[in-house]
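Q: My structure is below; once you've seen it, I'll send some questions.
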Amino acid sequence: MTRPAIPSRTPAGLAALRPVRTRSISPENVDGSPGGGGRATEGTGAREARDLGQGWKVSPSVDVKAGETFTLADIDSAGVITHVWITTHTDHWRQLVLRAYWDGAEEPAVEVPYGDFFANGWGVFAQVDSQMVSANPHGGFNSYWPMPFREGARLTLENTSDQDARVYYQVTYELGGDHSEDAYFHAQWRRSNPLDEAAPHVLLEGVEGQGQYVGTYLAWGVNSNGWWGEGEIKFYMDDDDPEAGFPTIVGTGTEDYFGGAWNFDVPGQGYTAFSTPYLGMPQVIRPDGLYVAQQRFGMYRWHVADPIHFTTGLPRVDIQALGWKSAGRYLPLRDDIASTALFYLDRPATTRPAPPSYDAMEIHLGTGPGPHSPVGPARA
């Protein structure tokens with residue numbers, strides 16, 4: 001028998017009584033224990049609280065040391081993570097890697113750069129007003145993706161840089177409930193920089209099992225003039241053969257998939273950012289005539305009202321990068337495309353790409369002068 005949806009997931013169900021308990025992990029209650037909050041006597045706020053003492057914001061944050069991994073949350077029973085709030089300096093958005101492990105699995109189900117997971121992949125803040133992810137001034141990141149587990153969960157942050165990162169966070173979750181038939185939440189990141197000649201960018205590959213694809217975020221950097229979003233997204237599902245090139249689901253254009261049309265171009269305004277509950281292009285970074293030489297975009301599409309269900313697997317999900325050349329012909333592009341693909345699967349781990357490294361994640365914002373400039377750093 002299929003269980004009904006958890007009633008509190010909708011406003012109409014908030015009044016329902018359920019046999020679960022809410023807990024929250026933060027630097028002020030590191031294990032979510034009952035009555036465990038506000039007990040710290042040491043922490044990043046100890047100096048500021050020295051006149052007030054225990055209970056007065058003694059430990060509001062943590063320092064994730066350079067080159068180290070910090071455990072945000074470690075839960076040892078069945079439950080579901082319902083909300084994650086987190087913030088750190090913008091410098092770290094493409095230096096930290098967020099991971100999640102379910103039910104004692106050795107391999108992570110979630111492995112994504114910090115900023116990309118919250119639809120902010122370019123190290124520059126963009127307001128996101130969606131149902132599943134919200135990003136608020138200035139870098140208050142929120143996730144509402146339900147993350148159920150049957151035995152336990154562990155969330156970590158790896159700092160791939162040579163600088164410590166101060167991080168504030170809160171992980172809210174429910175203990176109890178029946179999650180025996182729930183799928184596990186997964187998120188994978190890949191980057192093509194630049195994209196290979198006349199090849200699509202791959203978002204997912206070789207995923208086996210039953211589940212549903214629920215979201216895409218793309219950080220797209222344009223490396224040439226002209227329109228860049230003519231390409232189609234393709235979902236090869238179950239028995240589809242990616243080498244044959246015939247997917248079950250295929251879109252009609254990049255801006256179409258993200259809910260826009262006609263190049264996202266409002267006449268007289270050019271590229272126009274937008275953010276809605278399930279889809280949007282909240283970020284448009286324009287050239288400044290000096291060091292910011294490229295156009296960059298951030299786009300999301302949450303398949304919440306329309307999840308893409310598969311029975312035996314997702315052999316591949318990919319997207320083309322196409323512009324135009326003379327005589328009305330498509331032009332394959334070699335852009336910088338970073339994707340975060342989100343899905344639920346009947347198992348806590350699956351095939352995944354190589355872990356994001358410092359060099360693979362790096363973005364050149366170009367907002368400051370180079371070392372050869374008289375106002376830049378001295379040449380080595």
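Residue numbers start at 1 in each chain; chains themselves are named A, B, ... in the order of the structure tokens; ligands are numbered from 1 in the order shown.
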Could you give me, as a list in words, each residue of segment 124-292 of chain A that DSSP assigns to helix (DSSP H, G or I) when run on this structure's backbone?

A: Thr254, Glu255, Asp256, Tyr257, Trp262, Asn263 and Phe264 of chain A

Q: List the spatial neighbours of segment 29-42 of chain A as a CSV table (one decimal) with N, CA, C and O atoms, in the first residue's frame - criterion: any atom at most 10 Å away, only C-alpha atoms, same-chain residues fewer than 3 positions off excluded.

A:
chain,number,residue,atom,x,y,z
A,22,THR,N,10.6,17.5,16.6
A,22,THR,CA,11.5,18.4,15.8
A,22,THR,C,12.7,18.7,16.6
A,22,THR,O,12.7,18.9,17.8
A,23,ARG,N,13.9,18.6,15.9
A,23,ARG,CA,15.2,18.9,16.5
A,23,ARG,C,15.9,19.9,15.6
A,23,ARG,O,15.6,20.0,14.4
A,24,SER,N,16.9,20.5,16.1
A,24,SER,CA,17.7,21.4,15.3
A,24,SER,C,19.1,21.4,15.7
A,24,SER,O,19.4,21.5,17.0
A,25,ILE,N,20.0,21.3,14.8
A,25,ILE,CA,21.5,21.3,15.1
A,25,ILE,C,22.1,22.7,14.6
A,25,ILE,O,21.8,23.1,13.5
A,26,SER,N,22.8,23.3,15.5
A,26,SER,CA,23.5,24.5,15.2
A,26,SER,C,24.8,24.6,16.0
A,26,SER,O,25.0,23.7,16.9
A,45,GLY,N,31.7,33.4,19.7
A,45,GLY,CA,31.1,34.6,20.3
A,45,GLY,C,31.5,34.8,21.7
A,45,GLY,O,30.9,35.7,22.4
A,46,ALA,N,32.4,34.0,22.2
A,46,ALA,CA,32.8,34.1,23.7
A,46,ALA,C,33.3,35.4,24.1
A,46,ALA,O,32.9,35.9,25.2
A,47,ARG,N,34.1,36.1,23.3
A,47,ARG,CA,34.6,37.4,23.6
A,47,ARG,C,33.5,38.4,23.7
A,47,ARG,O,33.5,39.2,24.6
A,49,ALA,N,30.5,37.9,24.3
A,49,ALA,CA,29.5,37.6,25.4
A,49,ALA,C,30.2,37.6,26.8
A,49,ALA,O,29.6,37.2,27.8
A,50,ARG,N,31.4,38.1,26.9
A,50,ARG,CA,32.2,38.0,28.1
A,50,ARG,C,31.5,38.7,29.3
A,50,ARG,O,31.7,38.3,30.5
A,53,GLY,N,27.9,36.1,29.7
A,53,GLY,CA,28.1,34.7,30.1
A,53,GLY,C,27.3,33.7,29.3
A,53,GLY,O,26.7,34.0,28.2
A,54,GLN,N,27.2,32.5,29.8
A,54,GLN,CA,26.6,31.4,29.2
A,54,GLN,C,25.1,31.7,28.8
A,54,GLN,O,24.4,32.3,29.5
A,55,GLY,N,24.8,31.2,27.6
A,55,GLY,CA,23.4,31.4,27.1
A,55,GLY,C,23.3,32.7,26.3
A,55,GLY,O,22.2,32.9,25.7
A,56,TRP,N,24.3,33.5,26.1
A,56,TRP,CA,24.2,34.8,25.4
A,56,TRP,C,25.1,34.7,24.1
A,56,TRP,O,26.1,35.4,24.0
A,57,LYS,N,24.7,33.8,23.2
A,57,LYS,CA,25.3,33.8,21.9
A,57,LYS,C,26.8,33.6,22.0
A,57,LYS,O,27.6,34.3,21.3
A,58,VAL,N,27.2,32.6,22.8
A,58,VAL,CA,28.6,32.3,23.0
A,58,VAL,C,29.2,31.5,21.8
A,58,VAL,O,30.4,31.7,21.4
A,59,SER,N,28.4,30.7,21.1
A,59,SER,CA,28.9,29.9,20.0
A,59,SER,C,27.9,30.0,18.8
A,59,SER,O,27.3,29.0,18.4
A,60,PRO,N,27.9,31.1,18.1
A,60,PRO,CA,26.9,31.2,17.0
A,60,PRO,C,27.5,30.7,15.6
A,60,PRO,O,26.7,30.6,14.7
A,71,THR,N,32.0,18.5,10.3
A,71,THR,CA,30.6,17.8,10.3
A,71,THR,C,29.6,18.8,10.8
A,71,THR,O,29.6,19.2,12.0
A,72,LEU,N,28.7,19.1,9.9
A,72,LEU,CA,27.6,20.1,10.3
A,72,LEU,C,26.6,19.4,11.2
A,72,LEU,O,26.1,19.9,12.2
A,73,ALA,N,26.2,18.1,10.8
A,73,ALA,CA,25.2,17.4,11.6
A,73,ALA,C,25.5,15.9,11.5
A,73,ALA,O,25.9,15.4,10.4
A,74,ASP,N,25.2,15.2,12.6
A,74,ASP,CA,25.4,13.7,12.6
A,74,ASP,C,24.2,13.2,13.4
A,74,ASP,O,24.1,13.4,14.6
A,75,ILE,N,23.3,12.5,12.7
A,75,ILE,CA,22.0,12.1,13.3
A,75,ILE,C,22.0,10.6,13.2
A,75,ILE,O,22.3,10.0,12.2
A,170,GLN,N,22.2,26.3,10.6
A,170,GLN,CA,21.1,25.6,11.4
A,170,GLN,C,20.5,24.5,10.5
A,170,GLN,O,20.0,24.8,9.4
A,171,VAL,N,20.5,23.3,11.0
A,171,VAL,CA,19.9,22.1,10.3
A,171,VAL,C,18.7,21.7,11.1
A,171,VAL,O,18.8,21.2,12.3
A,172,THR,N,17.5,21.8,10.6
A,172,THR,CA,16.3,21.4,11.3
A,172,THR,C,15.7,20.1,10.7
A,172,THR,O,15.7,19.9,9.5
A,173,TYR,N,15.3,19.2,11.6
A,173,TYR,CA,14.9,17.9,11.1
A,173,TYR,C,13.8,17.3,12.1
A,173,TYR,O,13.6,17.8,13.2

Q: Please return as a ChimeraX atom specification: the residues of segment 41-204 of chain A that backbone DSSP assigns to strand (DSSP E or B).

A: /A:62-64,69-75,79-87,96-102,110-113,128-129,133-136,140-143,147-149,153-159,165-176,184-192,201-204

Q: Neighbouring residues of Asn193 of chain A were defined as those with any atom within 8 Å, considering only C-alpha atoms; residues of the same chain fewer than 2 positions away were excluded. Please report them as a list in words.

A: Arg191, Leu195, Arg334, Asp335, Asp336 and Ile337 of chain A

Q: Compile the contact shell of Val292 of chain A as a list in words: residues with an atom at most 9 Å away, counting only C-alpha atoms, same-chain residues fewer than 3 positions apart removed.

A: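 Result of the neighbour search: Ile285, Arg286, Pro287, Asp288, Gly289, Gln295, His364, Leu365, Gly366 and Thr367 of chain A.
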
Q: Counting only C-alpha atoms, which residues in segment 70-138 of chain A sit no more than 12 Å from segment 345-349 of chain A? For each one, give the nearest pair of atoms and the distance in Å, sorted by chain then residue number, as JSON lines.

A:
{"residue": "A:Arg99", "atom": "CA", "partner": "A:Ala349", "partner_atom": "CA", "distance": 11.9}
{"residue": "A:Ala100", "atom": "CA", "partner": "A:Pro348", "partner_atom": "CA", "distance": 9.8}
{"residue": "A:Tyr101", "atom": "CA", "partner": "A:Pro348", "partner_atom": "CA", "distance": 7.4}
{"residue": "A:Trp102", "atom": "CA", "partner": "A:Pro348", "partner_atom": "CA", "distance": 5.6}
{"residue": "A:Asp103", "atom": "CA", "partner": "A:Pro348", "partner_atom": "CA", "distance": 7.1}
{"residue": "A:Gly104", "atom": "CA", "partner": "A:Pro348", "partner_atom": "CA", "distance": 8.8}
{"residue": "A:Ala105", "atom": "CA", "partner": "A:Pro348", "partner_atom": "CA", "distance": 6.6}
{"residue": "A:Glu106", "atom": "CA", "partner": "A:Ala349", "partner_atom": "CA", "distance": 8.3}
{"residue": "A:Glu107", "atom": "CA", "partner": "A:Ala349", "partner_atom": "CA", "distance": 6.1}
{"residue": "A:Pro108", "atom": "CA", "partner": "A:Ala349", "partner_atom": "CA", "distance": 6.4}
{"residue": "A:Ala109", "atom": "CA", "partner": "A:Ala349", "partner_atom": "CA", "distance": 5.2}
{"residue": "A:Val110", "atom": "CA", "partner": "A:Ala349", "partner_atom": "CA", "distance": 9.0}
{"residue": "A:Glu111", "atom": "CA", "partner": "A:Ala349", "partner_atom": "CA", "distance": 11.1}

Q: Could you dump the residues just selected with all heavy atoms as a short mmCIF file (atom, residue, chain, number, x, y, z; two decimals), in the first residue's frame?

A:
data_model
loop_
_atom_site.label_atom_id
_atom_site.label_comp_id
_atom_site.auth_asym_id
_atom_site.auth_seq_id
_atom_site.Cartn_x
_atom_site.Cartn_y
_atom_site.Cartn_z
N ARG A 99 28.37 18.06 1.49
CA ARG A 99 28.11 16.63 1.27
C ARG A 99 27.06 16.14 2.26
O ARG A 99 26.95 16.64 3.38
CB ARG A 99 29.39 15.81 1.43
CG ARG A 99 30.44 16.05 0.34
CD ARG A 99 31.63 15.12 0.49
NE ARG A 99 32.56 15.26 -0.62
CZ ARG A 99 33.59 16.10 -0.62
NH1 ARG A 99 33.82 16.86 0.44
NH2 ARG A 99 34.40 16.17 -1.66
N ALA A 100 26.31 15.12 1.82
CA ALA A 100 25.34 14.45 2.69
C ALA A 100 25.45 12.95 2.49
O ALA A 100 25.55 12.47 1.35
CB ALA A 100 23.92 14.93 2.40
N TYR A 101 25.45 12.22 3.59
CA TYR A 101 25.53 10.76 3.60
C TYR A 101 24.30 10.22 4.30
O TYR A 101 23.91 10.72 5.37
CB TYR A 101 26.78 10.29 4.35
CG TYR A 101 28.09 10.83 3.84
CD1 TYR A 101 28.51 12.13 4.15
CD2 TYR A 101 28.95 10.03 3.08
CE1 TYR A 101 29.73 12.62 3.70
CE2 TYR A 101 30.17 10.51 2.64
CZ TYR A 101 30.56 11.80 2.95
OH TYR A 101 31.77 12.29 2.51
N TRP A 102 23.70 9.19 3.74
CA TRP A 102 22.48 8.62 4.32
C TRP A 102 22.73 7.19 4.81
O TRP A 102 23.38 6.38 4.12
CB TRP A 102 21.35 8.63 3.29
CG TRP A 102 21.14 9.92 2.57
CD1 TRP A 102 21.10 10.12 1.22
CD2 TRP A 102 20.93 11.22 3.15
NE1 TRP A 102 20.88 11.44 0.91
CE2 TRP A 102 20.77 12.15 2.08
CE3 TRP A 102 20.85 11.70 4.46
CZ2 TRP A 102 20.55 13.50 2.29
CZ3 TRP A 102 20.64 13.06 4.67
CH2 TRP A 102 20.48 13.94 3.60
N ASP A 103 22.18 6.87 5.97
CA ASP A 103 22.12 5.50 6.50
C ASP A 103 23.48 4.81 6.54
O ASP A 103 23.61 3.63 6.22
CB ASP A 103 21.13 4.66 5.68
CG ASP A 103 19.69 5.10 5.92
OD1 ASP A 103 19.47 5.97 6.78
OD2 ASP A 103 18.79 4.57 5.24
N GLY A 104 24.50 5.56 6.91
CA GLY A 104 25.82 4.98 7.09
C GLY A 104 26.59 4.71 5.81
O GLY A 104 27.66 4.07 5.85
N ALA A 105 26.11 5.17 4.68
CA ALA A 105 26.81 4.96 3.41
C ALA A 105 28.19 5.61 3.44
O ALA A 105 28.36 6.71 4.01
CB ALA A 105 25.99 5.50 2.24
N GLU A 106 29.16 4.95 2.83
CA GLU A 106 30.51 5.50 2.78
C GLU A 106 30.64 6.58 1.69
O GLU A 106 31.52 7.44 1.79
CB GLU A 106 31.53 4.39 2.52
CG GLU A 106 31.63 3.38 3.66
CD GLU A 106 32.71 2.35 3.40
OE1 GLU A 106 33.38 2.45 2.36
OE2 GLU A 106 32.88 1.45 4.26
N GLU A 107 29.80 6.51 0.67
CA GLU A 107 29.85 7.48 -0.42
C GLU A 107 28.73 8.50 -0.25
O GLU A 107 27.62 8.16 0.16
CB GLU A 107 29.70 6.77 -1.77
CG GLU A 107 30.75 5.72 -2.05
CD GLU A 107 32.14 6.32 -2.15
OE1 GLU A 107 32.27 7.43 -2.69
OE2 GLU A 107 33.09 5.69 -1.65
N PRO A 108 29.00 9.77 -0.57
CA PRO A 108 27.97 10.79 -0.38
C PRO A 108 26.90 10.73 -1.47
O PRO A 108 27.18 10.41 -2.62
CB PRO A 108 28.76 12.10 -0.49
CG PRO A 108 29.92 11.77 -1.37
CD PRO A 108 30.28 10.34 -1.04
N ALA A 109 25.68 11.06 -1.08
CA ALA A 109 24.59 11.22 -2.04
C ALA A 109 24.55 12.65 -2.57
O ALA A 109 24.14 12.89 -3.70
CB ALA A 109 23.26 10.86 -1.39
N VAL A 110 24.97 13.60 -1.74
CA VAL A 110 25.06 15.00 -2.12
C VAL A 110 26.53 15.39 -2.10
O VAL A 110 27.23 15.16 -1.12
CB VAL A 110 24.26 15.89 -1.15
CG1 VAL A 110 24.49 17.37 -1.46
CG2 VAL A 110 22.77 15.54 -1.18
N GLU A 111 26.99 15.99 -3.20
CA GLU A 111 28.39 16.44 -3.30
C GLU A 111 28.43 17.61 -4.27
O GLU A 111 28.59 17.43 -5.47
CB GLU A 111 29.29 15.30 -3.76
CG GLU A 111 30.77 15.62 -3.66
CD GLU A 111 31.63 14.40 -3.93
OE1 GLU A 111 31.44 13.74 -4.99
OE2 GLU A 111 32.49 14.09 -3.10
#

Q: Show which residues sit within 9 Å of Ile81 of chain A, as a list in words. Count only C-alpha atoms, and ignore same-chain residues fewer than 2 positions away.

A: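 The residues satisfying every condition are Gly79, His83, Val84, Tyr144, Trp145, Pro146, Met147, Pro148, Phe149, Ala153, Val171, Thr172, Tyr173, Glu174 and Leu175 of chain A.
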
Q: Hey, which of A:Phe246, A:Phe343, A:Phe118, A:Tyr213 ends up closest to Met299 of chain A? Count only C-alpha atoms.

A: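 Closest residue, counting only C-alpha atoms: A:Phe118.
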
Q: What gap, in Å, lies between atom CA of Leu14 of chain A and atom CA of Leu279 of chain A?

A: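 It comes out at 25.5 Å.
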
Q: Between atom CA of Asp129 of chain A and atom CA of Thr272 of chain A, what is the distance in Å, rounded to a tenth?

A: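 We find that atom CA of Asp129 of chain A and atom CA of Thr272 of chain A lie 15.2 Å from each other.
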